[in-house]
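Take a look at the structure set out below.
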Amino acid sequence: GAVVSQHPSRVICKSGTSVKIECRSLDFQATTMFWYRQFPKQSLMLMATSNEGSKATYEQGVEKDKFLINHASLTLSTLTVTSAHPEDSSFYICSAHPRGRTETQYFGPGTRLLVL
Amino acid sequence: QQQVKQSPQSLIVQKGGISIINCAYENTAFDYFPWYQQFPGKGPALLIAIRPDVSEKKEGRFTISFNKSAKQFSLHIMDSQPGDSATYFCAASSRGSEKLVFGKGTKLTVNP
């Protein structure tokens with residue numbers, strides 16, 4: 001149980017294009033999902049907290065107009081990297097916690113984004 | 001400001017040995033301490049977690065030791081195997097906050 005999926009697993013795009021990453025909780029409902037960014041050999045950096053049916057809460061220093069987050073249902077959150085640039089290349093990981101278990105986060109497999 | 005300090009940064013252990021990773025925190029409001037295992041190119045997987053009301057929790061070869069007064073907790077991997085080679089992250093969260101604060105990670109290598 002508690003499986004989180006991400007799609008795509010890897011994406012390569014040209015500079016200036018937008019990329020959408022999906023995060024799904026497969027066997028539980030998630031009122032809250034989280035989006036992280038991880039650079040090579042570094043820890044996870046929380047980008048934003050996504051709540052179903054409301055606007056995401058972004059961490060300090062994260063551009064909300066660049067990283068658009070939509071949490072349209074209890075099992076799906078999307079992260080759109082708008083006008084991507086090479087510096088946006090990174091490993092993006094989402095997580096979610098089952099309803100009623102707010103401390104336990106289950107992570108997706110991650111999405112590797114490479115912007116050329 | 002790093003709220004959870006993790007050490008060592010890297011660790012090499014022989015097969016069958018004990019791997020020990022340590023974390024320390026300052027925020028006394030933290031009340032949930034999970035450990036995550038991450039393989040290259042994969043998302044972190046929840047390994048084991050503990051709350052401050054117990055001093056130790058064991059699941060198979062993995063044990064968390066918790067010292068509330070010292071504000072420290074550690075992960076022990078008994079009988080370490082090459083398949084345990086991964087990066088391990090400790091984390092902490094406080095009641096009322098859904099956010100996890102992560103340590104910087106420890107890269108464990110278990111030699112056969």
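We label chains A, B, ... in the order they appear in the structure tokens, count residues from 1 in each chain, and number ligands from 1 in the order shown.
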Q) Taking only C-alpha atoms into account, which residues of chain A are within 7 Å of chain B, as a PyMOL selection string? A) chain A and resi 42-44+93+102-103+106-110
Would you put the residues from that selection into a file with N, CA, C and O atoms, as a PDB file, in the first residue's frame?
ATOM      1  N   GLN A  42      22.788  15.807  -3.194  1.00  0.00           N
ATOM      2  CA  GLN A  42      22.288  16.722  -2.181  1.00  0.00           C
ATOM      3  C   GLN A  42      20.984  16.202  -1.586  1.00  0.00           C
ATOM      4  O   GLN A  42      20.403  15.229  -2.071  1.00  0.00           O
ATOM      5  N   SER A  43      20.537  16.866  -0.554  1.00  0.00           N
ATOM      6  CA  SER A  43      19.310  16.468   0.106  1.00  0.00           C
ATOM      7  C   SER A  43      18.103  16.986  -0.657  1.00  0.00           C
ATOM      8  O   SER A  43      18.226  17.680  -1.669  1.00  0.00           O
ATOM      9  N   LEU A  44      16.937  16.656  -0.173  1.00  0.00           N
ATOM     10  CA  LEU A  44      15.701  17.102  -0.795  1.00  0.00           C
ATOM     11  C   LEU A  44      15.382  18.514  -0.337  1.00  0.00           C
ATOM     12  O   LEU A  44      15.459  18.822   0.851  1.00  0.00           O
ATOM     13  N   ILE A  93      10.755  15.419  -7.207  1.00  0.00           N
ATOM     14  CA  ILE A  93      10.119  14.309  -6.499  1.00  0.00           C
ATOM     15  C   ILE A  93       8.877  14.821  -5.781  1.00  0.00           C
ATOM     16  O   ILE A  93       8.924  15.883  -5.148  1.00  0.00           O
ATOM     17  N   THR A 102      -0.896  12.312   8.882  1.00  0.00           N
ATOM     18  CA  THR A 102      -0.257  13.515   8.354  1.00  0.00           C
ATOM     19  C   THR A 102       1.245  13.532   8.504  1.00  0.00           C
ATOM     20  O   THR A 102       1.914  14.352   7.882  1.00  0.00           O
ATOM     21  N   GLU A 103       1.803  12.635   9.334  1.00  0.00           N
ATOM     22  CA  GLU A 103       3.254  12.712   9.496  1.00  0.00           C
ATOM     23  C   GLU A 103       4.009  11.837   8.523  1.00  0.00           C
ATOM     24  O   GLU A 103       5.184  12.063   8.268  1.00  0.00           O
ATOM     25  N   TYR A 106       4.953   9.469   1.741  1.00  0.00           N
ATOM     26  CA  TYR A 106       5.396   8.450   0.801  1.00  0.00           C
ATOM     27  C   TYR A 106       5.777   9.144  -0.495  1.00  0.00           C
ATOM     28  O   TYR A 106       5.036   9.982  -1.005  1.00  0.00           O
ATOM     29  N   PHE A 107       6.940   8.775  -0.978  1.00  0.00           N
ATOM     30  CA  PHE A 107       7.514   9.485  -2.119  1.00  0.00           C
ATOM     31  C   PHE A 107       7.291   8.762  -3.440  1.00  0.00           C
ATOM     32  O   PHE A 107       7.253   7.533  -3.494  1.00  0.00           O
ATOM     33  N   GLY A 108       7.192   9.566  -4.480  1.00  0.00           N
ATOM     34  CA  GLY A 108       7.154   9.025  -5.820  1.00  0.00           C
ATOM     35  C   GLY A 108       8.560   8.673  -6.273  1.00  0.00           C
ATOM     36  O   GLY A 108       9.542   8.961  -5.576  1.00  0.00           O
ATOM     37  N   PRO A 109       8.690   8.074  -7.460  1.00  0.00           N
ATOM     38  CA  PRO A 109       9.989   7.643  -7.962  1.00  0.00           C
ATOM     39  C   PRO A 109      10.832   8.763  -8.543  1.00  0.00           C
ATOM     40  O   PRO A 109      12.001   8.558  -8.856  1.00  0.00           O
ATOM     41  N   GLY A 110      10.250   9.947  -8.668  1.00  0.00           N
ATOM     42  CA  GLY A 110      11.007  11.078  -9.176  1.00  0.00           C
ATOM     43  C   GLY A 110      10.919  11.246 -10.684  1.00  0.00           C
ATOM     44  O   GLY A 110      10.630  10.301 -11.420  1.00  0.00           O
TER      45      GLY A 110
END
Q.
So that I can see what lies close to Phe67 in chain A, please list as a list in words the residues with an atom at most 12 Å from it, counting only C-alpha atoms and leaving out residues fewer than 5 positions away in the same chain.
A. Ser18, Val19, Lys20, Ile21, Trp35, Tyr36, Arg37, Met47, Ala48, Thr49, Ser50, Ala56, Thr57, Tyr58, Glu59, Gly61, Val62, Thr78, Leu79, Thr80, Val81, Thr82, Ser83, Ala84, Asp88 and Tyr92 of chain A
Q: Give the strand (DSSP E) residues of chain A, as assigned by DSSP on the backbone, as JSON, numbers by chain.
A: {"A": [4, 5, 6, 7, 10, 11, 12, 13, 19, 20, 21, 22, 23, 24, 25, 32, 33, 34, 35, 36, 37, 38, 44, 45, 46, 47, 48, 49, 50, 51, 57, 58, 67, 68, 69, 70, 71, 72, 73, 76, 77, 78, 79, 80, 81, 90, 91, 92, 93, 94, 95, 96, 97, 106, 107, 111, 112, 113, 114, 115]}
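Interatomic distance, CA of Val11 in chain A to CA of Ser25 in chain A: 20.6 Å.
If only C-alpha atoms are the atoms counted, then among B:Ser80, B:Asn67, B:Ser55, B:Gln37 the closest residue to Ser19 in chain B is B:Ser80.
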Long-range neighbours of Gln81 in chain B as a PDB file with N, CA, C and O atoms, in the first residue's frame, 8 Å cut-off, only C-alpha atoms, 2 positions minimum in chain:
ATOM      1  N   LYS B  15      30.590  -6.187   4.395  1.00  0.00           N
ATOM      2  CA  LYS B  15      29.406  -7.055   4.478  1.00  0.00           C
ATOM      3  C   LYS B  15      29.381  -7.765   5.815  1.00  0.00           C
ATOM      4  O   LYS B  15      30.398  -8.302   6.278  1.00  0.00           O
ATOM      5  N   GLY B  16      28.207  -7.744   6.437  1.00  0.00           N
ATOM      6  CA  GLY B  16      28.049  -8.369   7.734  1.00  0.00           C
ATOM      7  C   GLY B  16      28.287  -7.430   8.904  1.00  0.00           C
ATOM      8  O   GLY B  16      27.965  -7.761  10.053  1.00  0.00           O
ATOM      9  N   ASP B  79      24.121  -6.555  10.283  1.00  0.00           N
ATOM     10  CA  ASP B  79      24.418  -7.497   9.203  1.00  0.00           C
ATOM     11  C   ASP B  79      24.281  -6.796   7.838  1.00  0.00           C
ATOM     12  O   ASP B  79      23.543  -7.245   6.960  1.00  0.00           O
ATOM     13  N   GLY B  83      23.351  -4.894  -0.876  1.00  0.00           N
ATOM     14  CA  GLY B  83      22.083  -4.334  -1.322  1.00  0.00           C
ATOM     15  C   GLY B  83      21.610  -3.170  -0.477  1.00  0.00           C
ATOM     16  O   GLY B  83      20.673  -2.457  -0.872  1.00  0.00           O
ATOM     17  N   ASP B  84      22.243  -2.959   0.679  1.00  0.00           N
ATOM     18  CA  ASP B  84      21.894  -1.814   1.530  1.00  0.00           C
ATOM     19  C   ASP B  84      22.604  -0.553   1.063  1.00  0.00           C
ATOM     20  O   ASP B  84      22.330   0.542   1.582  1.00  0.00           O
ATOM     21  N   SER B  85      23.517  -0.694   0.120  1.00  0.00           N
ATOM     22  CA  SER B  85      24.262   0.469  -0.388  1.00  0.00           C
ATOM     23  C   SER B  85      23.274   1.458  -1.007  1.00  0.00           C
ATOM     24  O   SER B  85      22.594   1.151  -1.989  1.00  0.00           O
ATOM     25  N   VAL B 110      28.376  -0.719   1.141  1.00  0.00           N
ATOM     26  CA  VAL B 110      28.671  -1.979   1.817  1.00  0.00           C
ATOM     27  C   VAL B 110      29.472  -2.844   0.855  1.00  0.00           C
ATOM     28  O   VAL B 110      28.972  -3.255  -0.193  1.00  0.00           O
ATOM     29  N   ASN B 111      30.704  -3.087   1.211  1.00  0.00           N
ATOM     30  CA  ASN B 111      31.583  -3.883   0.353  1.00  0.00           C
ATOM     31  C   ASN B 111      31.361  -5.372   0.562  1.00  0.00           C
ATOM     32  O   ASN B 111      31.179  -5.817   1.698  1.00  0.00           O
ATOM     33  N   PRO B 112      31.360  -6.132  -0.517  1.00  0.00           N
ATOM     34  CA  PRO B 112      31.117  -7.580  -0.398  1.00  0.00           C
ATOM     35  C   PRO B 112      32.285  -8.331   0.239  1.00  0.00           C
ATOM     36  O   PRO B 112      33.366  -7.784   0.375  1.00  0.00           O
TER      37      PRO B 112
END
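Residues lying within 7 Å of Ile12 in chain A, counting only C-alpha atoms and ignoring same-chain neighbours fewer than 3 positions away, are Leu113, Leu114 and Val115 of chain A.
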